[in-house]
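Peer 1: So I've got this file, my_file.csv, and it contains CSV, C-alpha atoms:
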```csv
chain,number,residue,atom,x,y,z
A,7,MET,CA,8.7,50.2,45.9
A,8,PRO,CA,6.6,51.8,43.1
A,9,ASN,CA,3.2,50.4,42.1
A,10,LYS,CA,3.2,48.0,39.2
A,11,ILE,CA,0.9,48.5,36.3
A,12,LEU,CA,0.4,45.8,33.6
A,13,ILE,CA,-0.7,46.9,30.1
A,14,ILE,CA,-2.2,44.1,28.0
A,15,ASP,CA,-2.5,45.6,24.5
A,16,ASP,CA,-1.2,44.8,21.0
A,17,ASP,CA,-1.2,48.4,19.8
A,18,ASP,CA,2.5,49.3,19.9
A,19,ASP,CA,2.0,53.1,19.6
A,20,PHE,CA,-0.6,53.1,22.5
A,21,VAL,CA,1.6,50.9,24.6
A,22,GLU,CA,4.7,53.1,24.1
A,23,ALA,CA,2.9,56.4,24.8
A,24,THR,CA,1.1,55.0,27.8
A,25,CYS,CA,4.3,53.5,29.3
A,26,LEU,CA,6.0,56.9,29.0
A,27,LEU,CA,3.0,58.6,30.6
A,28,LEU,CA,2.8,56.2,33.5
A,29,GLN,CA,6.6,56.0,34.1
A,30,ALA,CA,6.8,59.8,34.3
A,31,GLN,CA,4.4,59.5,37.2
A,32,GLY,CA,6.7,57.0,39.0
A,33,TYR,CA,4.8,53.8,38.1
A,34,ASP,CA,6.6,50.5,37.2
A,35,VAL,CA,5.1,49.5,33.9
A,36,MET,CA,5.0,46.0,32.3
A,37,HIS,CA,3.5,45.0,29.0
A,38,ALA,CA,2.0,41.9,27.3
A,39,PRO,CA,0.8,41.8,23.7
A,40,ASN,CA,-2.2,39.5,24.2
A,41,GLY,CA,-4.5,38.1,26.7
A,42,GLN,CA,-2.8,34.7,27.2
A,43,GLU,CA,0.6,36.3,27.9
A,44,GLY,CA,-1.1,39.0,30.0
A,45,PHE,CA,-2.8,36.5,32.2
A,46,LYS,CA,0.5,34.6,32.8
A,47,LYS,CA,2.3,37.9,33.6
A,48,ALA,CA,-0.4,38.9,36.0
A,49,LYS,CA,0.0,35.6,37.8
A,50,SER,CA,3.8,35.8,37.9
A,51,GLU,CA,4.3,39.6,38.6
A,52,SER,CA,1.2,40.4,40.7
A,53,PRO,CA,0.6,44.0,39.4
A,54,ASP,CA,-1.4,46.5,41.3
A,55,MET,CA,-3.5,47.4,38.3
A,56,ILE,CA,-4.2,46.2,34.7
A,57,LEU,CA,-5.0,48.2,31.6
A,58,LEU,CA,-6.7,45.7,29.3
A,59,ASP,CA,-7.4,46.2,25.6
A,60,MET,CA,-10.8,44.9,24.4
A,61,VAL,CA,-9.7,43.8,20.9
A,62,MET,CA,-6.4,42.2,20.3
A,63,THR,CA,-5.8,39.0,18.4
A,64,TYR,CA,-9.6,38.5,18.1
A,65,LYS,CA,-12.6,40.7,18.9
A,66,THR,CA,-13.6,39.3,22.3
A,67,GLU,CA,-10.1,38.6,23.6
A,68,GLY,CA,-10.2,41.4,26.2
A,69,ALA,CA,-13.6,40.2,27.5
A,70,GLU,CA,-12.4,36.6,27.8
A,71,THR,CA,-9.2,37.7,29.6
A,72,ALA,CA,-11.3,39.7,32.1
A,73,LYS,CA,-13.4,36.7,32.7
A,74,ALA,CA,-10.3,34.6,33.3
A,75,PHE,CA,-9.1,37.2,35.9
A,76,ALA,CA,-12.5,37.1,37.6
A,77,GLU,CA,-12.4,33.3,37.9
A,78,ASP,CA,-8.9,33.1,39.4
A,79,ALA,CA,-8.7,33.8,43.1
A,80,ALA,CA,-5.0,34.8,42.8
A,81,VAL,CA,-5.7,37.8,40.6
A,82,ASN,CA,-9.4,38.6,40.8
A,83,LYS,CA,-8.8,41.5,43.2
A,84,ILE,CA,-6.5,43.3,40.9
A,85,PRO,CA,-8.4,46.3,39.5
A,86,VAL,CA,-8.8,46.3,35.7
A,87,ILE,CA,-9.4,49.3,33.4
A,88,LEU,CA,-10.8,48.2,30.1
A,89,ILE,CA,-9.6,50.1,27.0
A,90,THR,CA,-11.7,49.9,23.9
A,91,GLY,CA,-12.2,51.4,20.5
A,92,MET,CA,-15.4,49.6,19.8
A,93,ARG,CA,-17.8,50.8,22.5
A,94,GLY,CA,-19.5,53.4,20.5
A,95,ASP,CA,-20.2,51.3,17.5
A,96,ASN,CA,-20.9,47.8,18.8
A,97,GLY,CA,-21.4,48.2,22.5
A,98,LEU,CA,-19.9,45.9,25.2
A,99,PRO,CA,-21.2,42.6,26.4
A,100,PHE,CA,-23.5,43.3,29.4
A,101,GLU,CA,-21.4,41.3,31.8
A,102,LEU,CA,-18.4,43.6,31.1
A,103,LYS,CA,-20.1,46.8,32.3
A,104,ALA,CA,-17.8,48.6,34.7
A,105,GLN,CA,-18.3,48.0,38.5
A,106,THR,CA,-20.1,44.7,38.1
A,107,SER,CA,-19.5,42.6,41.2
A,108,ALA,CA,-18.5,39.5,39.3
A,109,LEU,CA,-15.7,41.1,37.4
A,110,PRO,CA,-12.6,43.1,38.3
A,111,VAL,CA,-13.4,45.7,35.6
A,112,LYS,CA,-13.5,49.1,37.4
A,113,ALA,CA,-13.8,51.5,34.5
A,114,ILE,CA,-14.0,51.5,30.7
A,115,LEU,CA,-12.2,54.0,28.6
A,116,GLU,CA,-12.5,54.6,24.9
A,117,LYS,CA,-9.7,55.1,22.5
A,118,PRO,CA,-8.2,57.6,21.9
A,119,VAL,CA,-7.6,57.8,25.7
A,120,LYS,CA,-7.2,61.2,27.2
A,121,PRO,CA,-4.0,61.2,29.3
A,122,ASP,CA,-5.5,63.3,32.2
A,123,ILE,CA,-8.5,61.0,32.5
A,124,LEU,CA,-6.3,57.8,32.4
A,125,LEU,CA,-4.0,59.2,35.1
A,126,ARG,CA,-6.9,60.2,37.3
A,127,MET,CA,-8.5,56.7,36.9
A,128,VAL,CA,-5.2,55.0,37.7
A,129,LYS,CA,-4.5,57.2,40.7
A,130,THR,CA,-8.0,56.5,42.1
A,131,TYR,CA,-7.8,52.7,41.9
A,132,ILE,CA,-4.2,52.5,43.0
A,133,ALA,CA,-5.1,54.5,46.0
A,134,ARG,CA,-8.1,52.2,46.8
A,135,THR,CA,-6.4,48.9,46.4
A,136,GLY,CA,-3.0,49.1,44.9
A,137,GLN,CA,-1.2,50.8,47.8
A,138,LYS,CA,-2.3,48.1,50.3
A,139,HIS,CA,-1.5,45.4,47.8
A,140,ARG,CA,2.0,46.8,47.3
A,141,GLN,CA,2.5,47.0,51.1
A,142,VAL,CA,1.6,43.4,51.4
A,143,ILE,CA,4.1,42.3,48.7
A,144,ASP,CA,6.9,44.5,50.0
A,145,GLY,CA,6.4,43.2,53.6
A,146,LEU,CA,6.3,39.6,52.3
A,147,ASP,CA,9.4,40.2,50.2
A,148,HIS,CA,11.3,41.1,53.3
A,149,VAL,CA,10.2,38.0,55.2
A,150,VAL,CA,10.8,35.6,52.3
A,151,GLU,CA,14.3,37.1,51.9
A,152,LYS,CA,15.0,36.7,55.6
A,153,TRP,CA,14.3,33.0,55.5
A,154,ALA,CA,15.7,32.3,52.0
A,155,GLY,CA,17.7,29.0,51.9
A,156,VAL,CA,16.7,27.9,55.3
A,157,LYS,CA,15.3,24.4,55.5
A,158,GLY,CA,11.6,24.4,56.4
A,159,ASN,CA,11.4,28.1,55.6
A,160,LEU,CA,7.7,27.9,54.6
A,161,ILE,CA,6.7,27.3,58.2
A,162,MET,CA,9.0,30.1,59.4
A,163,VAL,CA,7.4,32.5,56.9
A,164,LEU,CA,3.9,31.5,57.9
A,165,HIS,CA,4.7,32.1,61.5
A,166,GLU,CA,5.8,35.6,60.7
A,167,ILE,CA,2.6,36.2,58.7
A,168,GLN,CA,0.5,34.8,61.5
A,169,ASN,CA,2.2,37.0,64.1
A,170,HIS,CA,1.7,40.1,61.9
A,171,TYR,CA,-1.9,39.6,60.9
A,172,GLY,CA,-3.2,37.3,63.6
A,173,TYR,CA,-4.1,34.8,60.9
A,174,VAL,CA,-3.0,33.9,57.3
A,175,PRO,CA,-5.0,36.0,54.9
A,176,ARG,CA,-5.9,34.3,51.6
A,177,ASN,CA,-4.4,37.1,49.5
A,178,VAL,CA,-1.1,36.9,51.4
A,179,ALA,CA,-1.1,33.1,50.9
A,180,PHE,CA,-1.4,33.6,47.2
A,181,GLU,CA,1.5,36.0,47.1
A,182,LEU,CA,3.6,33.6,49.2
A,183,SER,CA,2.8,30.8,46.7
A,184,ARG,CA,4.0,33.0,43.9
A,185,MET,CA,7.2,34.1,45.6
A,186,LEU,CA,8.2,30.7,46.8
A,187,SER,CA,6.9,28.8,43.8
A,188,VAL,CA,5.1,26.5,46.2
A,189,PRO,CA,1.6,25.3,45.3
A,190,MET,CA,-1.3,26.8,47.3
A,191,ALA,CA,-2.3,23.2,48.2
A,192,ARG,CA,1.0,22.8,50.0
A,193,ILE,CA,0.6,26.1,51.9
A,194,TYR,CA,-2.9,25.2,53.0
A,195,GLU,CA,-1.7,21.7,53.9
A,196,VAL,CA,0.8,23.2,56.4
A,197,ILE,CA,-1.7,25.8,57.7
A,198,THR,CA,-4.4,23.2,58.4
A,199,PHE,CA,-2.0,20.7,59.9
A,200,TYR,CA,-0.8,23.0,62.7
A,201,ASN,CA,-3.5,24.3,65.1
A,202,TYR,CA,-1.4,27.5,65.6
A,203,PHE,CA,-2.3,28.8,62.1
A,204,LYS,CA,-5.6,30.4,61.5
A,205,LEU,CA,-7.4,31.2,58.2
A,206,GLU,CA,-9.9,33.6,59.6
A,207,PRO,CA,-9.3,37.0,61.3
A,208,PRO,CA,-9.1,36.5,65.1
A,209,GLY,CA,-11.7,38.1,67.3
A,210,LYS,CA,-10.9,40.9,69.7
A,211,HIS,CA,-11.4,38.4,72.6
A,212,THR,CA,-10.4,34.7,72.3
A,213,ILE,CA,-12.5,32.3,74.3
A,214,SER,CA,-10.7,29.0,75.1
A,215,VAL,CA,-12.8,26.1,76.4
A,216,CYS,CA,-10.8,23.4,78.2
A,217,MET,CA,-11.5,19.9,77.2
A,218,GLY,CA,-9.1,18.2,79.6
A,219,THR,CA,-10.3,15.2,81.4
A,220,ALA,CA,-11.4,17.0,84.6
A,221,CYS,CA,-13.1,19.8,82.8
A,222,TYR,CA,-14.8,17.4,80.3
A,223,LEU,CA,-16.2,15.3,83.1
A,224,LYS,CA,-17.5,18.4,85.0
A,225,GLY,CA,-19.4,19.9,82.1
A,226,THR,CA,-17.4,21.8,79.6
A,227,PRO,CA,-19.2,20.2,76.6
A,228,GLN,CA,-22.4,21.8,77.9
A,229,ILE,CA,-20.6,25.1,78.4
A,230,LEU,CA,-19.2,24.9,74.9
A,231,GLN,CA,-22.7,24.3,73.5
A,232,GLU,CA,-24.0,27.3,75.5
A,233,LEU,CA,-21.2,29.5,74.0
A,234,LYS,CA,-22.1,28.3,70.5
A,235,ASN,CA,-25.8,29.1,71.1
A,236,ILE,CA,-25.1,32.6,72.5
A,237,LEU,CA,-22.4,33.6,69.9
A,238,HIS,CA,-24.0,31.8,66.9
A,239,ILE,CA,-20.6,30.3,65.9
A,240,GLU,CA,-18.9,26.9,66.0
A,241,GLU,CA,-15.5,26.2,67.5
A,242,GLY,CA,-12.7,27.7,65.4
A,243,GLN,CA,-14.9,30.5,64.2
A,244,THR,CA,-15.1,34.2,64.9
A,245,THR,CA,-18.3,36.2,65.4
A,246,SER,CA,-19.5,38.4,62.6
A,247,ASP,CA,-18.5,41.6,64.5
A,248,ASN,CA,-15.0,40.1,65.1
A,249,LEU,CA,-15.5,40.5,68.9
A,250,PHE,CA,-15.1,36.8,69.9
A,251,HIS,CA,-13.2,33.9,68.6
A,252,LEU,CA,-14.1,30.5,70.0
A,253,GLN,CA,-11.6,27.7,70.4
A,254,VAL,CA,-11.2,24.4,72.2
A,255,VAL,CA,-8.0,23.5,74.0
A,256,ARG,CA,-6.7,20.3,75.5
A,257,CYS,CA,-5.8,21.6,78.9
A,258,LEU,CA,-5.4,25.0,80.6
A,259,GLY,CA,-3.5,23.6,83.6
A,260,CYS,CA,-6.2,24.6,86.1
A,261,CYS,CA,-7.7,21.2,86.8
A,262,GLY,CA,-8.5,22.1,90.4
A,263,LEU,CA,-10.9,24.8,89.1
A,264,ALA,CA,-12.7,22.6,86.6
A,265,PRO,CA,-14.7,23.3,84.6
A,266,VAL,CA,-12.6,26.1,83.2
A,267,ILE,CA,-12.8,28.6,80.3
A,268,MET,CA,-10.3,31.4,79.6
A,269,ILE,CA,-11.1,34.7,77.8
A,270,ASP,CA,-7.8,36.2,76.6
A,271,ASP,CA,-5.6,35.9,79.8
A,272,LYS,CA,-8.4,35.7,82.4
A,273,VAL,CA,-9.3,32.3,83.8
A,274,TYR,CA,-12.9,31.5,84.8
A,275,GLY,CA,-13.1,28.5,87.1
A,276,LYS,CA,-16.0,26.3,88.3
A,277,VAL,CA,-18.1,27.7,85.5
A,278,LYS,CA,-21.7,26.7,85.3
A,279,ARG,CA,-23.7,26.7,82.1
A,280,GLU,CA,-26.0,29.5,83.4
A,281,ASP,CA,-22.9,31.6,84.2
A,282,VAL,CA,-21.9,31.9,80.5
A,283,VAL,CA,-24.2,34.6,79.4
A,284,ASP,CA,-23.1,36.9,82.3
A,285,ILE,CA,-19.5,36.3,81.5
A,286,ILE,CA,-19.9,37.1,77.8
A,287,SER,CA,-22.2,40.1,78.4
A,288,LYS,CA,-19.4,41.9,80.3
A,289,TYR,CA,-17.1,41.9,77.3
A,290,SER,CA,-20.0,42.9,75.0
A,291,GLN,CA,-20.9,45.8,77.3
A,292,ASP,CA,-17.3,46.9,77.6
A,293,HIS,CA,-17.0,46.9,73.8
A,294,ALA,CA,-20.3,48.9,73.4
A,295,VAL,CA,-18.9,51.5,75.8
A,296,MET,CA,-15.7,51.8,73.9
A,297,GLU,CA,-17.6,52.2,70.6
A,298,THR,CA,-19.6,55.1,72.0
A,299,LYS,CA,-16.5,57.1,73.2
```
Output the file's structure as structure tokens, nothing else.

Peer 2:
Amino acid sequence: MPNKILIIDDDDDFVEATCLLLQAQGYDVMHAPNGQEGFKKAKSESPDMILLDMVMTYKTEGAETAKAFAEDAAVNKIPVILITGMRGDNGLPFELKAQTSALPVKAILEKPVKPDILLRMVKTYIARTGQKHRQVIDGLDHVVEKWAGVKGNLIMVLHEIQNHYGYVPRNVAFELSRMLSVPMARIYEVITFYNYFKLEPPGKHTISVCMGTACYLKGTPQILQELKNILHIEEGQTTSDNLFHLQVVRCLGCCGLAPVIMIDDKVYGKVKREDVVDIISKYSQDHAVMETK
């Protein structure tokens, strides 16, 4: 599907000319005449880019709309190009300078906007963020349609998301909330209730520590603590280099080998606390070798 661009501007002539320009390049263009309607449309349509006029109903409407985008996690990753006719005379508020980390404003263009510059800006930021955003939405559209009308479809869709990404990314959860008209609170309620779902990217290697009765009595709490000390993470977390994910499981079915840990599909039995560093270092060394190839 084509990338979506939302124009928020009350200048009919500019909107008409810009729509024609962008549509000729294959973009799907939407329009809102003011900040309030634009914010609602951004939430409901999830565009890949926003062209936002600085002055509409009142002088600072564009600035306040940009701030509203920045404060809403559902839309604050959408790149914004601010369009203004007042920059030369009055300047812009400091916090609206392009590329500030707190706002989604990526560039500021003065009216009259030169078509070649606008197209170049749009192409640049669509390539950086919009293509990936559209791929997420198109893939999610397919999954939602597949389970449409099925009772309990939220769990089925979340399973497919989990299988695809290895976890449920926050931006994908927001898109799912929009598509299913389900509150984010409900989605996160389901995700956190079932241990299968993860909210963080999985590590390359999953370390499972058995806390079954036999393993527990023979020392897995101490082994778990040693893993935490070495990896500098808590259970359920992933190391900063995404190499290891640490989890606790109720039983690995190897009680005769207690205490047991498992890394990916490999079982380590009768593990002692002093063995942990050697076991972990093997995977770290293998990863370092792969990185140098």

Peer 1: Please provide the set of residues having any atom within 6 Å of Leu58 in chain A, restricted to all atoms listed in the file, with same-chain residues fewer than 5 positions apart removed, written as a PyMOL selection string.

Peer 2: chain A and resi 14+88-89

Peer 1: Emit the selected residues as an mmCIF file, keeping the file's coordinate frame, including C-alpha atoms.

Peer 2:
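Written output follows (part-v3.cif):
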```cif
data_model
loop_
_atom_site.group_PDB
_atom_site.id
_atom_site.type_symbol
_atom_site.label_atom_id
_atom_site.label_comp_id
_atom_site.auth_asym_id
_atom_site.auth_seq_id
_atom_site.Cartn_x
_atom_site.Cartn_y
_atom_site.Cartn_z
ATOM 1 C CA ILE A 14 -2.200 44.100 28.000
ATOM 2 C CA LEU A 88 -10.800 48.200 30.100
ATOM 3 C CA ILE A 89 -9.600 50.100 27.000
#
```

Peer 1: Find the residues near Thr63 in chain A: any atom within 9 Å, counting all atoms listed in the file, skip ones fewer than 2 places away on the same chain, and give them as an mmCIF file with C-alpha atoms, keeping the file's coordinate frame.

Peer 2:
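Final output, saved to result_19.cif:
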```cif
data_model
loop_
_atom_site.group_PDB
_atom_site.id
_atom_site.type_symbol
_atom_site.label_atom_id
_atom_site.label_comp_id
_atom_site.auth_asym_id
_atom_site.auth_seq_id
_atom_site.Cartn_x
_atom_site.Cartn_y
_atom_site.Cartn_z
ATOM 1 C CA ASP A 16 -1.200 44.800 21.000
ATOM 2 C CA PRO A 39 0.800 41.800 23.700
ATOM 3 C CA ASN A 40 -2.200 39.500 24.200
ATOM 4 C CA GLY A 41 -4.500 38.100 26.700
ATOM 5 C CA VAL A 61 -9.700 43.800 20.900
ATOM 6 C CA LYS A 65 -12.600 40.700 18.900
ATOM 7 C CA THR A 66 -13.600 39.300 22.300
ATOM 8 C CA GLU A 67 -10.100 38.600 23.600
#
```

Peer 1: For Pro85 in chain A, which of A:Leu27, A:Leu233, A:Met127, A:Ile213 is the closest residue, counting all atoms listed in the file?

Peer 2: A:Met127

Peer 1: Pick from A:Leu263, A:Met62, A:Ile285, A:Met55: nearest to Asp18 in chain A, with all atoms listed in the file counted?

Peer 2: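 Residue with the minimum atom-to-atom distance to Asp18 in chain A: A:Met62.
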
Peer 1: Taking only C-alpha atoms into account, which of A:Met7, A:Leu115, A:Val174, A:Ile84 comes nearest Ile132 in chain A?

Peer 2: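 Answer, going by the shortest atom-to-atom distance: A:Ile84.
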
Peer 1: Neighbours of Asp54 in chain A within 7 Å (all atoms listed in the file; same-chain residues fewer than 3 positions away dropped), as number ranges by chain?

Peer 2: A: 9-11, 84, 132, 136, 139-140

Peer 1: Write a file of the selected residues as an mmCIF file, in the coordinates of the input, keeping C-alpha atoms.

Peer 2:
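Output below, filename result_20.cif:
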```cif
data_model
loop_
_atom_site.group_PDB
_atom_site.id
_atom_site.type_symbol
_atom_site.label_atom_id
_atom_site.label_comp_id
_atom_site.auth_asym_id
_atom_site.auth_seq_id
_atom_site.Cartn_x
_atom_site.Cartn_y
_atom_site.Cartn_z
ATOM 1 C CA ASN A 9 3.200 50.400 42.100
ATOM 2 C CA LYS A 10 3.200 48.000 39.200
ATOM 3 C CA ILE A 11 0.900 48.500 36.300
ATOM 4 C CA ILE A 84 -6.500 43.300 40.900
ATOM 5 C CA ILE A 132 -4.200 52.500 43.000
ATOM 6 C CA GLY A 136 -3.000 49.100 44.900
ATOM 7 C CA HIS A 139 -1.500 45.400 47.800
ATOM 8 C CA ARG A 140 2.000 46.800 47.300
#
```

Peer 1: Restricting the calculation to only C-alpha atoms, which member of A:Asp122, A:Asp78, A:Glu181, A:Asp271 is positioned closest to Ser50 in chain A?

Peer 2: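 Closest to Ser50 in chain A of all the choices is A:Glu181.
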
Peer 1: Using all atoms listed in the file, determine which residues lie at most 12 Å from Thr245 in chain A, disregarding the query and same-chain residues fewer than 2 positions distant; provide the list as a VMD selection string.

Peer 2: chain A and resid 206 to 213 233 to 243 247 to 253 290

Peer 1: Determine, counting all atoms listed in the file, every residue of protein, DNA or RNA that lies within 12 Å of (0.4, 39.9, 62.0) in the file coordinates, then give the result as a list of chain:residue names.

Peer 2: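 Every polymer residue passing the test: A:Val142, A:Gly145, A:Leu146, A:Val163, A:Leu164, A:His165, A:Glu166, A:Ile167, A:Gln168, A:Asn169, A:His170, A:Tyr171, A:Gly172, A:Tyr173, A:Val174, A:Pro175, A:Val178, A:Phe203, A:Lys204, A:Pro207, A:Pro208.
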
Peer 1: What separation in Å, quoted to one decimal, exists between CA of Leu230 in chain A and CA of Cys261 in chain A?

Peer 2: 17.0 Å

Peer 1: Point out the residue among A:Leu186, A:Ala48, A:Val254, A:Val196 with the least atom-to-atom distance to Met217 in chain A, counting only C-alpha atoms.

Peer 2: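 Among the listed residues, the smallest separation from Met217 in chain A belongs to A:Val254.
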
Peer 1: Between CA of Phe45 in chain A and CA of Leu205 in chain A, what is the spacing in Å?

Peer 2: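 Between CA of Leu205 in chain A and CA of Phe45 in chain A the gap is 26.9 Å.
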
Peer 1: At what distance in Å, to one decimal, does CA of Arg256 in chain A lie from CA of Asp284 in chain A?

Peer 2: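 According to the coordinates, CA of Asp284 in chain A and CA of Arg256 in chain A are separated by 24.3 Å.
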
Peer 1: Nearest to Asp15 in chain A among A:Gln31, A:Gln291, A:Gly91, A:Asn82, with distances taken over only C-alpha atoms: which residue is it?

Peer 2: A:Gly91

Peer 1: Do a neighbour search on Lys224 in chain A at 7 Å with all atoms listed in the file, toss out local chain neighbours closer than 3 positions, and write the hits as an mmCIF file with C-alpha atoms, in the frame of the given file.

Peer 2:
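And here is the file that came out, result32.cif:
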```cif
data_model
loop_
_atom_site.group_PDB
_atom_site.id
_atom_site.type_symbol
_atom_site.label_atom_id
_atom_site.label_comp_id
_atom_site.auth_asym_id
_atom_site.auth_seq_id
_atom_site.Cartn_x
_atom_site.Cartn_y
_atom_site.Cartn_z
ATOM 1 C CA ALA A 220 -11.400 17.000 84.600
ATOM 2 C CA CYS A 221 -13.100 19.800 82.800
ATOM 3 C CA ALA A 264 -12.700 22.600 86.600
ATOM 4 C CA PRO A 265 -14.700 23.300 84.600
#
```
